[in-house]
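To start, the structure under review is shown below, and the notes come after it.
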Amino acid sequence: MLRLENTLPETLPGSSTLAFQTKNESVRVWVDDELVYSYGETPQRAYGFGVGAVWNIAPLPEGAGGKSVSVELVPIGGSTGLAPYEFLLASRGDVVSYLAERSLLRIVMSAVLSLIGVCSLLLAAAFALKGDSRLSSAVYFGLFVLLAAVWMITDSGLLQFLIPNKGVSYLMFGLSLIHI
């Protein structure tokens with residue numbers, strides 16, 4: 001178990017959060033003695049138990065400025081608990097914007113691959129209507145490229161903001177990688 005403690009700045013912007021990424025660790029965040037956030041104490045996988053690599057965004061209560069903040073990290077499932085911890089003190093929107101900016105190349109590549117995959121499947125539909133023998137090649141290529149796009153976007157970690165159950169994005173990541 002690793003426990004990190006610090007004092008928050010006296011003045012905090014409205015709707016402040018403490019954000020940080022963990023890798024297979026359960027998390028608890030306290031402001032003074034009040035538990036404000038926990039993650040990883042209940043299963044989040046679509047099957048089995050696992051917490052994965054996620055960005056934790058702990059909302060800070062109003063009036064938290066100048067108070068003590070404690071973060072407790074407990075390794076789970078073979079994790080060493082030695083992830084390089086980067087802490088951000090900002091609003092939830094600013095954190096999501098920061099993460100989207102960091103993942104911009106993955107997002108763009110995933111969108112381009114998705115477009116190529118859909119075009120390939122549309123081409124396959126045209127081949128099917130004409131009875132062309134190149135149908136199977138276009139279908140396999142389109143599916144391969146779409147799976148690669150899904151794998152890239154799930155690897156970016158941004159799906160955790162769209163899908164509440166983080167286990168679903170782990171399942172999508174694993175299945176798309178296996179089927180590629």
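The chains in the structure tokens are called A, B, ... from first to last as shown; in each chain the residues are counted from 1, and the ligands are counted from 1 in the order shown.
Near Ser26 of chain A, within 8 Å and counting only C-alpha atoms, sit A:Asn24, A:Arg28, A:Ser38, A:Tyr39, A:Gly40, A:Glu41, A:Val51, A:Leu73, A:Val74, A:Pro75, A:Ile76, not including residues fewer than 2 positions from it in the same chain.
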Would you mind writing down, as a VMD selection string, each residue of segment 14-100 of chain A that DSSP on the backbone assigns to alpha helix (DSSP H)?
-> chain A and resid 92 to 100
Selection export as an mmCIF file, in the first residue's frame, atoms kept: C-alpha atoms:
data_model
loop_
_atom_site.group_PDB
_atom_site.id
_atom_site.type_symbol
_atom_site.label_atom_id
_atom_site.label_comp_id
_atom_site.auth_asym_id
_atom_site.auth_seq_id
_atom_site.Cartn_x
_atom_site.Cartn_y
_atom_site.Cartn_z
ATOM 1 C CA ARG A 92 -13.207 17.612 -14.922
ATOM 2 C CA GLY A 93 -13.590 19.297 -18.320
ATOM 3 C CA ASP A 94 -9.975 20.488 -18.261
ATOM 4 C CA VAL A 95 -8.779 16.965 -17.395
ATOM 5 C CA VAL A 96 -10.779 15.388 -20.226
ATOM 6 C CA SER A 97 -9.467 18.068 -22.624
ATOM 7 C CA TYR A 98 -5.900 17.368 -21.494
ATOM 8 C CA LEU A 99 -6.327 13.625 -22.035
ATOM 9 C CA ALA A 100 -7.967 14.141 -25.437
#
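Residues within 8 Å of Ala90 of chain A, counting only C-alpha atoms and excluding same-chain residues fewer than 5 positions away, are A:Pro13, A:Ser16, A:Thr17, A:Leu18, A:Ala19, A:Val95.
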Now that the selection is made, can you save its residues with N, CA and C atoms as a PDB file, in the first residue's frame?
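Dumped everything to result_1.pdb:
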ATOM      1  N   PRO A  13     -10.203  26.516  -8.012  1.00  0.00           N
ATOM      2  CA  PRO A  13     -11.287  26.893  -8.935  1.00  0.00           C
ATOM      3  C   PRO A  13     -12.540  26.072  -8.638  1.00  0.00           C
ATOM      4  N   SER A  16     -13.422  21.716  -8.716  1.00  0.00           N
ATOM      5  CA  SER A  16     -12.066  21.155  -8.802  1.00  0.00           C
ATOM      6  C   SER A  16     -12.075  19.647  -8.641  1.00  0.00           C
ATOM      7  N   THR A  17     -11.136  19.009  -9.325  1.00  0.00           N
ATOM      8  CA  THR A  17     -10.938  17.572  -9.199  1.00  0.00           C
ATOM      9  C   THR A  17      -9.453  17.295  -9.046  1.00  0.00           C
ATOM     10  N   LEU A  18      -9.158  16.150  -8.470  1.00  0.00           N
ATOM     11  CA  LEU A  18      -7.791  15.646  -8.407  1.00  0.00           C
ATOM     12  C   LEU A  18      -7.766  14.442  -9.337  1.00  0.00           C
ATOM     13  N   ALA A  19      -6.973  14.512 -10.398  1.00  0.00           N
ATOM     14  CA  ALA A  19      -6.949  13.444 -11.412  1.00  0.00           C
ATOM     15  C   ALA A  19      -5.565  12.824 -11.480  1.00  0.00           C
ATOM     16  N   VAL A  95      -9.485  18.257 -17.408  1.00  0.00           N
ATOM     17  CA  VAL A  95      -8.779  16.965 -17.395  1.00  0.00           C
ATOM     18  C   VAL A  95      -9.102  16.177 -18.660  1.00  0.00           C
TER      19      VAL A  95
END
Which is closest to Leu121 of chain A among A:Leu105, A:Leu60, A:Leu8, A:Leu146, if we use only C-alpha atoms?
-> A:Leu146
Extract the full set of strand (DSSP E) residues from chain A according to DSSP on the backbone, and format it as a PyMOL selection string.
-> chain A and resi 2-7+16-23+25-31+34-39+53-59+68-75+87-91
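Remark: for Pro59 of chain A, the closest of the candidate residues A:Ala149, A:Gly14, A:Val168, A:Gln21 is A:Gly14 (distances computed over only C-alpha atoms).
Residue nearest Leu159 of chain A within the list A:Val145, A:Leu177, A:Ile107, A:Leu12: A:Ile107 [criterion: smallest interatomic distance, only C-alpha atoms].
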Hey, which of A:Val36, A:Leu104, A:Ala124, A:Cys119 ends up closest to Ile153 of chain A? Count only C-alpha atoms.
-> A:Leu104
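Between atom CA of Gly142 of chain A and atom CA of Val112 of chain A the separation is 12.4 Å.
When the distance limit is 12 Å and only C-alpha atoms are what count, the residues near Tyr140 of chain A, minus those fewer than 6 positions from it on the same chain, are Gly117, Val118, Ser120, Leu121, Leu123, Ala124, Arg134, Leu146, Leu147, His179 and Ile180 of chain A.
Among the candidates A:Val71, A:Ile116, A:Ala148, A:Leu158, the one nearest to Val31 of chain A when counting only C-alpha atoms is A:Val71.
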